[in-house]
>>> print(open('work-v1.txt').read())   # compact mmCIF, C-alpha atoms
# COMPACT_ATOMS: atom_id res chain seq x y z
CA GLU A 521 -39.63 29.48 18.08
CA PRO A 522 -35.81 29.60 18.03
CA LEU A 523 -34.06 26.68 19.72
CA ASP A 524 -32.07 29.21 21.67
CA ARG A 525 -30.92 32.76 21.24
CA ASN A 526 -27.88 34.29 22.86
CA ASN A 527 -27.15 37.98 23.06
CA PRO A 528 -25.92 39.42 19.76
CA LEU A 529 -22.18 39.16 19.29
CA GLU A 530 -22.22 42.66 17.89
CA PRO A 531 -25.13 45.08 18.29
CA LYS A 532 -28.02 44.48 15.93
CA ASN A 533 -26.25 42.27 13.36
CA LYS A 534 -25.48 38.79 14.77
CA ALA A 535 -27.11 36.18 16.95
CA ARG A 536 -26.13 32.65 17.88
CA PHE A 537 -28.59 29.75 18.11
CA SER A 538 -27.26 26.72 19.97
CA ILE A 539 -27.99 22.99 19.81
CA PRO A 540 -26.44 21.65 23.03
CA SER A 541 -26.83 17.97 22.08
CA MET A 542 -27.29 16.91 18.48
CA THR A 543 -29.91 14.27 17.66
CA GLN A 544 -31.44 13.02 14.45
CA HIS A 545 -34.44 15.28 15.11
CA HIS A 546 -32.21 18.34 14.79
CA ALA A 547 -31.03 17.29 11.32
CA GLY A 548 -32.74 19.20 8.54
CA ARG A 549 -32.85 22.39 6.52
CA TYR A 550 -32.56 25.70 8.38
CA ARG A 551 -33.16 29.32 7.44
CA CYS A 552 -32.88 32.46 9.53
CA HIS A 553 -34.67 35.84 9.49
CA TYR A 554 -34.04 39.12 11.22
CA TYR A 555 -36.53 41.64 12.58
CA SER A 556 -36.26 45.42 12.24
CA SER A 557 -38.55 48.42 12.21
CA ALA A 558 -39.50 47.40 8.70
CA GLY A 559 -40.67 44.01 9.94
CA TRP A 560 -39.28 40.53 9.22
CA SER A 561 -36.70 40.09 6.49
CA GLU A 562 -36.72 37.57 3.69
CA PRO A 563 -35.30 34.19 4.76
CA SER A 564 -31.60 33.44 4.38
CA ASP A 565 -30.33 30.88 1.92
CA PRO A 566 -30.99 27.41 3.32
CA LEU A 567 -28.40 25.62 5.48
CA GLU A 568 -28.40 21.81 5.48
CA LEU A 569 -27.55 20.39 8.90
CA VAL A 570 -26.55 16.70 8.83
CA MET A 571 -26.09 14.38 11.78
CA THR A 572 -23.40 11.72 11.35
CA GLY A 573 -22.62 8.60 13.37
CA PHE A 574 -26.06 6.97 13.23
CA TYR A 575 -24.97 3.81 11.33
CA ASN A 576 -21.79 1.74 11.16
CA LYS A 577 -18.98 3.16 9.06
CA PRO A 578 -18.47 2.13 5.41
CA THR A 579 -15.13 1.24 3.84
CA LEU A 580 -13.25 3.51 1.46
CA SER A 581 -10.58 2.24 -0.92
CA ALA A 582 -8.74 3.44 -4.02
CA LEU A 583 -8.78 1.65 -7.36
CA PRO A 584 -6.35 0.46 -8.54
CA SER A 585 -4.26 1.77 -5.59
CA PRO A 586 -3.87 4.91 -3.42
CA VAL A 587 -0.69 5.75 -5.34
CA VAL A 588 -1.17 7.60 -8.63
CA ALA A 589 1.13 9.48 -10.99
CA SER A 590 0.83 13.24 -10.64
CA GLY A 591 -1.88 14.44 -13.04
CA GLY A 592 -3.47 10.99 -13.21
CA ASN A 593 -7.02 9.85 -12.48
CA MET A 594 -8.35 7.15 -10.19
CA THR A 595 -11.55 5.77 -8.68
CA LEU A 596 -12.56 5.76 -5.01
CA ARG A 597 -14.84 2.95 -3.89
CA CYS A 598 -17.17 3.48 -0.92
CA GLY A 599 -18.83 0.24 0.14
CA SER A 600 -20.98 -1.45 2.77
CA GLN A 601 -22.47 -4.89 3.32
CA LYS A 602 -25.95 -3.46 3.88
CA GLY A 603 -28.28 -1.94 1.33
CA TYR A 604 -28.04 1.75 2.01
CA HIS A 605 -29.40 3.95 -0.76
CA HIS A 606 -26.77 6.63 -1.20
CA PHE A 607 -23.05 7.16 -0.61
CA VAL A 608 -21.37 10.51 0.04
CA LEU A 609 -17.71 11.37 -0.62
CA MET A 610 -16.07 14.29 1.19
CA LYS A 611 -12.61 15.75 0.60
CA GLU A 612 -10.70 17.24 3.52
CA GLY A 613 -10.34 21.00 3.35
CA GLU A 614 -12.84 21.40 0.53
CA HIS A 615 -15.87 23.63 1.16
CA GLN A 616 -17.85 22.57 -1.88
CA LEU A 617 -20.95 20.42 -1.53
CA PRO A 618 -20.11 16.74 -0.98
CA ARG A 619 -20.50 14.36 -3.90
CA THR A 620 -23.39 11.90 -3.67
CA LEU A 621 -24.01 8.74 -5.71
CA ASP A 622 -26.70 6.07 -5.64
CA SER A 623 -25.54 2.70 -4.36
CA GLN A 624 -25.00 -0.28 -6.65
CA GLN A 625 -25.55 -3.85 -5.51
CA LEU A 626 -22.73 -6.33 -6.08
CA HIS A 627 -23.07 -10.00 -6.98
CA SER A 628 -21.41 -10.78 -3.64
CA GLY A 629 -24.32 -9.10 -1.86
CA GLY A 630 -22.59 -5.90 -0.81
CA PHE A 631 -23.26 -2.36 -1.98
CA GLN A 632 -20.92 0.31 -3.35
CA ALA A 633 -20.54 3.58 -5.20
CA LEU A 634 -17.59 4.43 -7.44
CA PHE A 635 -16.39 8.05 -7.41
CA PRO A 636 -13.99 9.14 -10.18
CA VAL A 637 -11.27 11.45 -8.85
CA GLY A 638 -8.70 13.49 -10.75
CA PRO A 639 -6.59 14.80 -12.15
CA VAL A 640 -4.58 14.33 -8.94
CA THR A 641 -1.94 17.01 -8.47
CA PRO A 642 0.44 17.70 -5.56
CA SER A 643 -0.84 21.26 -5.08
CA HIS A 644 -2.79 20.27 -1.95
CA ARG A 645 -3.62 17.28 0.23
CA TRP A 646 -5.87 14.55 -1.22
CA ARG A 647 -7.57 13.05 1.84
CA PHE A 648 -11.11 11.62 1.72
CA THR A 649 -13.84 10.08 3.88
CA CYS A 650 -17.21 8.68 2.85
CA TYR A 651 -20.66 8.13 4.42
CA TYR A 652 -23.99 6.56 3.49
CA TYR A 653 -27.66 7.30 4.20
CA TYR A 654 -31.22 6.24 3.34
CA THR A 655 -33.41 8.13 0.89
CA ASN A 656 -36.13 8.77 3.48
CA THR A 657 -33.63 10.27 5.99
CA PRO A 658 -31.16 12.16 3.77
CA ARG A 659 -29.66 14.17 6.64
CA VAL A 660 -28.95 11.24 8.96
CA TRP A 661 -25.62 9.71 7.93
CA SER A 662 -23.38 6.89 9.02
CA HIS A 663 -20.12 7.17 10.90
CA PRO A 664 -17.36 8.34 8.52
CA SER A 665 -15.17 5.74 6.88
CA ASP A 666 -11.54 5.57 7.92
CA PRO A 667 -9.76 8.42 6.10
CA LEU A 668 -8.03 7.56 2.84
CA GLU A 669 -5.10 9.61 1.59
CA ILE A 670 -4.05 9.64 -2.05
CA LEU A 671 -0.34 9.77 -2.84
CA PRO A 672 0.49 11.72 -6.03
CA SER A 673 3.93 10.60 -7.24
CA GLY A 674 6.13 12.60 -9.58
CA VAL A 675 9.26 12.19 -11.65
CA SER A 676 12.01 13.15 -9.21
CA ARG A 677 14.67 10.49 -8.80
CA LYS A 678 13.49 7.23 -7.31
CA PRO A 679 14.87 5.97 -3.97
CA SER A 680 16.17 2.44 -3.37
CA LEU A 681 14.32 -0.16 -1.31
CA LEU A 682 16.05 -3.14 0.30
CA THR A 683 15.45 -5.66 3.05
CA LEU A 684 17.96 -6.11 5.85
CA GLN A 685 16.92 -9.75 6.44
CA GLY A 686 16.69 -11.10 2.89
CA PRO A 687 13.61 -11.53 0.69
CA VAL A 688 12.51 -14.95 2.04
CA LEU A 689 11.23 -15.08 5.63
CA ALA A 690 9.52 -17.54 7.95
CA PRO A 691 6.54 -16.50 10.12
CA GLY A 692 7.62 -14.81 13.33
CA GLN A 693 10.85 -13.36 11.95
CA SER A 694 11.50 -9.66 12.18
CA LEU A 695 11.45 -7.63 8.98
CA THR A 696 12.88 -4.19 8.36
CA LEU A 697 12.62 -2.53 4.96
CA GLN A 698 14.95 0.36 4.30
CA CYS A 699 14.18 3.15 1.85
CA GLY A 700 17.11 5.41 1.02
CA SER A 701 18.39 7.95 -1.46
CA ASP A 702 21.28 10.31 -2.09
CA VAL A 703 18.79 13.00 -3.12
CA GLY A 704 18.27 14.00 0.52
CA TYR A 705 14.54 13.40 0.92
CA ASP A 706 12.97 14.51 4.21
CA ARG A 707 10.10 11.99 4.21
CA PHE A 708 9.56 8.47 2.93
CA VAL A 709 6.48 6.31 2.48
CA LEU A 710 6.22 2.55 2.02
CA TYR A 711 3.38 1.06 0.01
CA LYS A 712 2.44 -2.60 -0.38
CA GLU A 713 0.60 -3.48 -3.57
CA GLY A 714 -3.08 -4.16 -2.92
CA GLU A 715 -3.22 -2.33 0.40
CA ARG A 716 -5.55 0.62 1.03
CA ASP A 717 -3.00 2.64 2.98
CA PHE A 718 0.74 3.27 3.31
CA LEU A 719 3.29 3.91 6.06
CA GLN A 720 5.11 7.24 6.39
CA ARG A 721 8.39 7.92 8.19
CA PRO A 722 10.68 10.98 8.50
CA GLY A 723 14.02 10.73 6.74
CA GLN A 724 17.21 10.20 8.73
CA GLN A 725 20.74 11.09 7.66
CA PRO A 726 23.21 8.36 8.66
CA GLN A 727 25.95 10.19 6.76
CA ALA A 728 26.35 13.30 4.64
CA GLY A 729 24.50 13.22 1.33
CA LEU A 730 22.37 10.19 2.23
CA SER A 731 18.83 10.03 3.61
CA GLN A 732 16.88 6.95 4.62
CA ALA A 733 13.98 5.60 6.67
CA ASN A 734 13.52 2.18 8.26
CA PHE A 735 10.11 0.48 8.23
CA THR A 736 9.92 -2.32 10.82
CA LEU A 737 7.10 -4.72 9.96
CA GLY A 738 7.84 -7.82 12.05
CA PRO A 739 7.16 -10.22 13.53
CA VAL A 740 5.87 -11.19 10.12
CA SER A 741 2.87 -13.32 9.17
CA PRO A 742 1.74 -14.63 5.76
CA SER A 743 -0.10 -11.34 5.17
CA HIS A 744 3.26 -9.54 4.98
CA GLY A 745 4.14 -11.39 1.78
CA GLY A 746 3.79 -9.16 -1.27
CA GLN A 747 5.36 -6.50 -3.43
CA TYR A 748 6.57 -3.24 -1.86
CA ARG A 749 7.65 0.13 -3.22
CA CYS A 750 8.77 3.30 -1.48
CA TYR A 751 8.72 7.00 -2.33
CA GLY A 752 10.58 10.07 -1.08
CA ALA A 753 9.56 13.71 -0.70
CA HIS A 754 10.92 17.04 0.50
CA ASN A 755 9.24 18.83 3.39
CA LEU A 756 8.37 21.87 1.28
CA SER A 757 6.68 19.77 -1.41
CA SER A 758 3.52 17.67 -1.40
CA GLU A 759 4.69 15.72 -4.46
CA TRP A 760 6.35 12.36 -3.96
CA SER A 761 9.18 10.94 -6.04
CA ALA A 762 9.00 8.26 -8.67
CA PRO A 763 8.59 4.81 -7.06
CA SER A 764 11.53 2.64 -6.11
CA ASP A 765 12.07 -0.59 -7.96
CA PRO A 766 9.67 -3.21 -6.55
CA LEU A 767 10.82 -5.46 -3.72
CA ASN A 768 9.12 -8.83 -3.24
CA ILE A 769 8.85 -10.22 0.28
CA LEU A 770 8.26 -13.98 0.26
CA MET A 771 6.86 -16.06 3.12
CA ALA A 772 8.23 -19.60 3.46
CA GLY A 773 6.51 -22.54 5.16
CA GLN A 774 3.03 -21.80 3.80
CA ILE A 775 2.74 -24.94 1.60
CA TYR A 776 3.36 -28.35 3.11
CA ASP A 777 4.47 -30.37 0.06
CA THR A 778 8.23 -30.93 0.32
CA VAL A 779 10.88 -30.07 -2.25
CA SER A 780 14.41 -31.38 -2.74
CA LEU A 781 17.53 -29.83 -4.24
CA SER A 782 20.40 -31.67 -5.90
CA ALA A 783 23.40 -30.82 -8.12
CA GLN A 784 24.23 -32.52 -11.42
CA PRO A 785 26.78 -33.96 -11.94
CA GLY A 786 27.57 -33.26 -8.27
CA PRO A 787 27.99 -30.58 -5.58
CA THR A 788 31.75 -30.30 -6.18
CA VAL A 789 32.79 -28.87 -9.53
CA ALA A 790 35.92 -27.37 -11.03
CA SER A 791 35.95 -23.71 -12.02
CA GLY A 792 34.94 -23.28 -15.67
CA GLU A 793 32.82 -26.44 -15.82
CA ASN A 794 29.06 -26.74 -15.95
CA VAL A 795 26.68 -27.69 -13.15
CA THR A 796 22.88 -27.73 -12.88
CA LEU A 797 20.90 -27.36 -9.67
CA LEU A 798 17.77 -29.50 -9.85
CA CYS A 799 14.72 -28.64 -7.72
CA GLN A 800 12.08 -31.39 -7.49
CA SER A 801 8.84 -32.30 -5.75
CA ARG A 802 6.23 -35.05 -5.93
CA GLY A 803 3.44 -32.63 -5.08
CA TYR A 804 2.28 -30.07 -7.61
CA PHE A 805 4.04 -26.74 -7.91
CA ASP A 806 3.90 -24.57 -11.02
CA THR A 807 6.96 -22.52 -10.02
CA PHE A 808 10.26 -23.21 -8.27
CA LEU A 809 12.55 -20.62 -6.67
CA LEU A 810 16.26 -20.90 -5.97
CA THR A 811 18.00 -18.80 -3.30
CA LYS A 812 21.64 -18.41 -2.36
CA GLU A 813 22.55 -17.73 1.25
CA GLY A 814 23.87 -14.21 1.75
CA ALA A 815 23.04 -13.04 -1.78
CA ALA A 816 21.38 -9.65 -2.16
CA HIS A 817 19.70 -10.40 -5.49
CA PRO A 818 16.11 -11.71 -5.68
CA PRO A 819 15.50 -15.48 -5.86
CA LEU A 820 15.56 -17.05 -9.31
CA ARG A 821 12.19 -18.34 -10.58
CA LEU A 822 11.50 -21.05 -13.14
CA ARG A 823 8.30 -22.71 -14.30
CA SER A 824 8.10 -26.36 -13.30
CA MET A 825 8.15 -29.24 -15.78
CA TYR A 826 6.51 -32.62 -15.18
CA GLY A 827 8.28 -35.88 -15.89
CA ALA A 828 9.03 -39.24 -14.26
CA HIS A 829 6.20 -38.66 -11.75
CA LYS A 830 7.85 -35.50 -10.46
CA TYR A 831 7.65 -31.76 -10.90
CA GLN A 832 11.03 -30.15 -11.38
CA ALA A 833 13.02 -27.15 -12.59
CA GLU A 834 16.65 -27.04 -13.74
CA PHE A 835 18.83 -24.05 -12.85
CA PRO A 836 21.94 -24.27 -15.10
CA MET A 837 25.23 -22.57 -14.22
CA SER A 838 27.90 -22.29 -16.87
CA PRO A 839 30.68 -21.71 -16.71
CA VAL A 840 31.04 -22.02 -12.95
CA THR A 841 33.27 -19.55 -11.11
CA SER A 842 34.26 -19.31 -7.46
CA ALA A 843 31.49 -16.72 -7.05
CA HIS A 844 28.93 -19.50 -7.51
CA ALA A 845 30.17 -21.36 -4.44
CA GLY A 846 27.80 -21.18 -1.48
CA THR A 847 24.70 -22.60 0.16
CA TYR A 848 21.53 -22.94 -1.90
CA ARG A 849 17.90 -23.77 -1.10
CA CYS A 850 14.86 -24.15 -3.28
CA TYR A 851 11.14 -23.59 -2.70
CA GLY A 852 7.92 -24.37 -4.52
CA SER A 853 5.08 -21.91 -5.11
CA TYR A 854 1.88 -21.32 -7.07
CA SER A 855 1.54 -18.54 -9.62
CA SER A 856 -1.90 -17.73 -8.16
CA ASN A 857 -0.17 -16.54 -4.95
CA PRO A 858 3.53 -16.17 -5.79
CA HIS A 859 4.52 -14.62 -2.45
CA LEU A 860 3.69 -17.75 -0.42
CA LEU A 861 6.30 -20.52 -0.59
CA SER A 862 6.76 -24.08 0.58
CA PHE A 863 9.14 -25.07 3.33
CA PRO A 864 12.72 -24.88 2.05
CA SER A 865 14.62 -27.85 0.73
CA GLU A 866 17.56 -29.16 2.68
CA PRO A 867 20.52 -26.81 2.08
CA LEU A 868 22.92 -27.72 -0.72
CA GLU A 869 26.56 -26.66 -0.41
CA LEU A 870 28.09 -26.02 -3.83
CA MET A 871 31.89 -26.19 -3.79
CA VAL A 872 33.99 -24.85 -6.65
CA SER A 873 37.61 -25.98 -6.93
CA GLY A 874 40.26 -24.01 -8.81
CA HIS A 875 40.55 -20.22 -8.75
CA SER A 876 39.65 -18.39 -5.56
CA GLY A 877 38.41 -14.86 -4.93
CA GLY A 878 35.66 -12.95 -6.66
CA SER A 879 32.48 -11.43 -5.35
CA SER A 880 29.16 -13.01 -4.55
CA LEU A 881 27.20 -13.00 -7.81
CA PRO A 882 23.76 -14.33 -8.74
CA PRO A 883 24.01 -18.08 -9.42
CA THR A 884 22.95 -17.87 -13.06
CA GLY A 885 24.11 -14.34 -13.78
CA PRO A 886 21.07 -12.13 -14.42
CA PRO A 887 21.18 -9.55 -17.21
CA SER A 888 23.75 -6.84 -16.66
CA THR A 889 22.59 -3.68 -14.93
CA PRO A 890 22.05 -0.75 -17.31
CA ALA A 891 24.32 2.20 -16.69
CA SER A 892 21.32 4.38 -15.94
CA HIS A 893 20.58 2.29 -12.85
CA ALA A 894 24.15 1.98 -11.61
CA LYS A 895 23.62 4.74 -9.02
CA ASP A 896 20.84 2.74 -7.35
CA TYR A 897 23.27 0.01 -6.48
CA THR A 898 25.78 2.56 -5.24
CA VAL A 899 23.09 3.97 -2.96
CA GLU A 900 22.28 0.50 -1.65
CA ASN A 901 25.94 -0.03 -0.86
CA LEU A 902 26.07 3.33 0.92
CA ILE A 903 22.99 2.38 2.95
CA ARG A 904 24.54 -0.92 3.95
CA MET A 905 27.76 0.88 4.95
CA GLY A 906 25.76 3.37 6.97
CA MET A 907 23.87 0.61 8.80
CA ALA A 908 27.16 -1.12 9.58
CA GLY A 909 28.61 2.10 10.96
CA LEU A 910 31.40 2.22 8.38
>>> encode(input="work-v1.txt", output="structure tokens")
Amino acid sequence: EPLDRNNPLEPKNKARFSIPSMTQHHAGRYRCHYYSSAGWSEPSDPLELVMTGFYNKPTLSALPSPVVASGGNMTLRCGSQKGYHHFVLMKEGEHQLPRTLDSQQLHSGGFQALFPVGPVTPSHRWRFTCYYYYTNTPRVWSHPSDPLEILPSGVSRKPSLLTLQGPVLAPGQSLTLQCGSDVGYDRFVLYKEGERDFLQRPGQQPQAGLSQANFTLGPVSPSHGGQYRCYGAHNLSSEWSAPSDPLNILMAGQIYDTVSLSAQPGPTVASGENVTLLCQSRGYFDTFLLTKEGAAHPPLRLRSMYGAHKYQAEFPMSPVTSAHAGTYRCYGSYSSNPHLLSFPSEPLELMVSGHSGGSSLPPTGPPSTPASHAKDYTVENLIRMGMAGL
């Protein structure tokens, strides 16, 4: 007997059968027939009716990341801690049958299925969810995973990414990352390496010819440490730009061994002479970082050397100019987790006698910026001017 039959929507050609409250007993394979003077028709093609939400949701992640070059391939991982037999991947807006794979058990005890996806193009939205089910109840599925969106990036000009607070932060500080471009992008996204998702913001125009978006992440915790990139896009396009240069956010105060900073031959030096900043610790660090207060460039990193019962790194400066004058601190870190740092050393004030003037430059003078990247630094300056209201 039909579950229910309403009056035909149009005479003699349509009828509606209703299920007021879905249960697992309603899940199954359905066919319909019609009756006429010639008798009962052949059955329709089968319709599979699945009930979802019977088990806890699985997790869905992208390998190696949810950001992929346009035309590239990737793998989506659907996983659960329990031993469900099959995983199902569904793509938003797609009317084809969902993809199903048998589960694989991991050494850690969990279960997963790996779905290859691609080539990824910006022609439509790439948004997925996944489910799982048991073999003996193939039409009773779990809750859907949290949706996962794939970001196809292209070759249009990369934006610039900078931090308004500096790259080294202590827990509890506020953090705002600013993505900007002179291309005039309407939307920006921020992606942290290793994350399963990204943040999206509309573009603002602080001044003519410049677009930007601010991503406020604070108050920060150790989990905010990592490498970030941002992308821009136009409203009429689903393709994102090339990625910005990476920006590393470092969290201080995560390692309790202390470090010290000293200057050789001393903290006061004449312009044109040589000086070395020496970072040391008794506890083990495989890397030391040197920062200069107010500098926009990333911290300098050196591998530590062991000698005289201490770990140390020497940061030479030669010849010294007035631009090297300023306040320095050093930190220790481990290469296994390079975004977590020790507490800072006591500040060291480097004073340079002789000529005055000059701009604030990196303490050891990193390689010169190629001409092809000069515009990025101009954009950063424009962003800073815009934020200052100049």
>>> atom_distance(input="work-v1.txt", atom1="CA of Ala753 in chain A", atom2="CA of Ser680 in chain A")
13.3 Å
>>> residues_around(input="work-v1.txt", residues="Trp661 in chain A", least_positions_apart="2", cutoff="10 Å", atoms="only C-alpha atoms", output="list in words")
Gln544, Ala547, Val570, Met571, Thr572, Gly573, Phe574, Tyr575, Asn576, Lys577, His606, Phe607, Val608, Cys650, Tyr651, Tyr652, Tyr653, Tyr654, Thr657, Pro658, Arg659, His663 and Pro664 of chain A
>>> atom_distance(input="work-v1.txt", atom1="CA of Gly686 in chain A", atom2="CA of Val740 in chain A")
13.0 Å
>>> residues_around(input="work-v1.txt", residues="Asp777 in chain A", least_positions_apart="4", cutoff="10 Å", atoms="all atoms listed in the file", output="PyMOL selection string")
chain A and resi 773+801-805+851-853+862-863
>>> write_last_selection(input="work-v1.txt", atoms="C-alpha atoms", output="PDB file, in the frame of the given file")
ATOM      1  CA  GLY A 773       6.510 -22.540   5.160  1.00  0.00           C
ATOM      2  CA  SER A 801       8.840 -32.300  -5.750  1.00  0.00           C
ATOM      3  CA  ARG A 802       6.230 -35.050  -5.930  1.00  0.00           C
ATOM      4  CA  GLY A 803       3.440 -32.630  -5.080  1.00  0.00           C
ATOM      5  CA  TYR A 804       2.280 -30.070  -7.610  1.00  0.00           C
ATOM      6  CA  PHE A 805       4.040 -26.740  -7.910  1.00  0.00           C
ATOM      7  CA  TYR A 851      11.140 -23.590  -2.700  1.00  0.00           C
ATOM      8  CA  GLY A 852       7.920 -24.370  -4.520  1.00  0.00           C
ATOM      9  CA  SER A 853       5.080 -21.910  -5.110  1.00  0.00           C
ATOM     10  CA  SER A 862       6.760 -24.080   0.580  1.00  0.00           C
ATOM     11  CA  PHE A 863       9.140 -25.070   3.330  1.00  0.00           C
TER      12      PHE A 863
END
>>> atom_distance(input="work-v1.txt", atom1="CA of Val587 in chain A", atom2="CA of Thr641 in chain A")
11.8 Å
>>> closest_residue(input="work-v1.txt", among="A:Phe648, A:Thr595, A:Gly548, A:Val660", to="Ala633 in chain A", atoms="all atoms listed in the file")
A:Thr595
>>> residues_around(input="work-v1.txt", residues="Pro672 in chain A", least_positions_apart="6", cutoff="10 Å", atoms="all atoms listed in the file", output="PDB file with C-alpha atoms, in the frame of the given file")
ATOM      1  CA  PRO A 586      -3.870   4.910  -3.420  1.00  0.00           C
ATOM      2  CA  VAL A 587      -0.690   5.750  -5.340  1.00  0.00           C
ATOM      3  CA  VAL A 588      -1.170   7.600  -8.630  1.00  0.00           C
ATOM      4  CA  ALA A 589       1.130   9.480 -10.990  1.00  0.00           C
ATOM      5  CA  SER A 590       0.830  13.240 -10.640  1.00  0.00           C
ATOM      6  CA  GLY A 591      -1.880  14.440 -13.040  1.00  0.00           C
ATOM      7  CA  GLY A 592      -3.470  10.990 -13.210  1.00  0.00           C
ATOM      8  CA  PRO A 639      -6.590  14.800 -12.150  1.00  0.00           C
ATOM      9  CA  VAL A 640      -4.580  14.330  -8.940  1.00  0.00           C
ATOM     10  CA  THR A 641      -1.940  17.010  -8.470  1.00  0.00           C
ATOM     11  CA  PRO A 642       0.440  17.700  -5.560  1.00  0.00           C
ATOM     12  CA  SER A 643      -0.840  21.260  -5.080  1.00  0.00           C
ATOM     13  CA  ARG A 645      -3.620  17.280   0.230  1.00  0.00           C
ATOM     14  CA  TRP A 646      -5.870  14.550  -1.220  1.00  0.00           C
ATOM     15  CA  SER A 758       3.520  17.670  -1.400  1.00  0.00           C
ATOM     16  CA  GLU A 759       4.690  15.720  -4.460  1.00  0.00           C
ATOM     17  CA  TRP A 760       6.350  12.360  -3.960  1.00  0.00           C
ATOM     18  CA  SER A 761       9.180  10.940  -6.040  1.00  0.00           C
ATOM     19  CA  ALA A 762       9.000   8.260  -8.670  1.00  0.00           C
TER      20      ALA A 762
END
>>> closest_residue(input="work-v1.txt", among="A:Thr543, A:Thr847, A:Ser782, A:Gln601", to="Leu626 in chain A", atoms="all atoms listed in the file")
A:Gln601
>>> closest_residue(input="work-v1.txt", among="A:Thr683, A:Ser564, A:Gln747, A:Ser538", to="Arg551 in chain A", atoms="only C-alpha atoms")
A:Ser564
>>> residues_around(input="work-v1.txt", residues="Gln774 in chain A", least_positions_apart="5", cutoff="12 Å", atoms="all atoms listed in the file", output="short mmCIF file (atom, residue, chain, number, x, y, z; two decimals) with C-alpha atoms, in the frame of the given file")
data_model
loop_
_atom_site.label_atom_id
_atom_site.label_comp_id
_atom_site.auth_asym_id
_atom_site.auth_seq_id
_atom_site.Cartn_x
_atom_site.Cartn_y
_atom_site.Cartn_z
CA VAL A 688 12.51 -14.95 2.04
CA LEU A 689 11.23 -15.08 5.63
CA ALA A 690 9.52 -17.54 7.95
CA PRO A 691 6.54 -16.50 10.12
CA SER A 741 2.87 -13.32 9.17
CA PRO A 742 1.74 -14.63 5.76
CA SER A 743 -0.10 -11.34 5.17
CA GLY A 745 4.14 -11.39 1.78
CA TYR A 851 11.14 -23.59 -2.70
CA GLY A 852 7.92 -24.37 -4.52
CA SER A 853 5.08 -21.91 -5.11
CA TYR A 854 1.88 -21.32 -7.07
CA ASN A 857 -0.17 -16.54 -4.95
CA PRO A 858 3.53 -16.17 -5.79
CA HIS A 859 4.52 -14.62 -2.45
CA LEU A 860 3.69 -17.75 -0.42
CA LEU A 861 6.30 -20.52 -0.59
CA SER A 862 6.76 -24.08 0.58
CA PHE A 863 9.14 -25.07 3.33
CA PRO A 864 12.72 -24.88 2.05
#
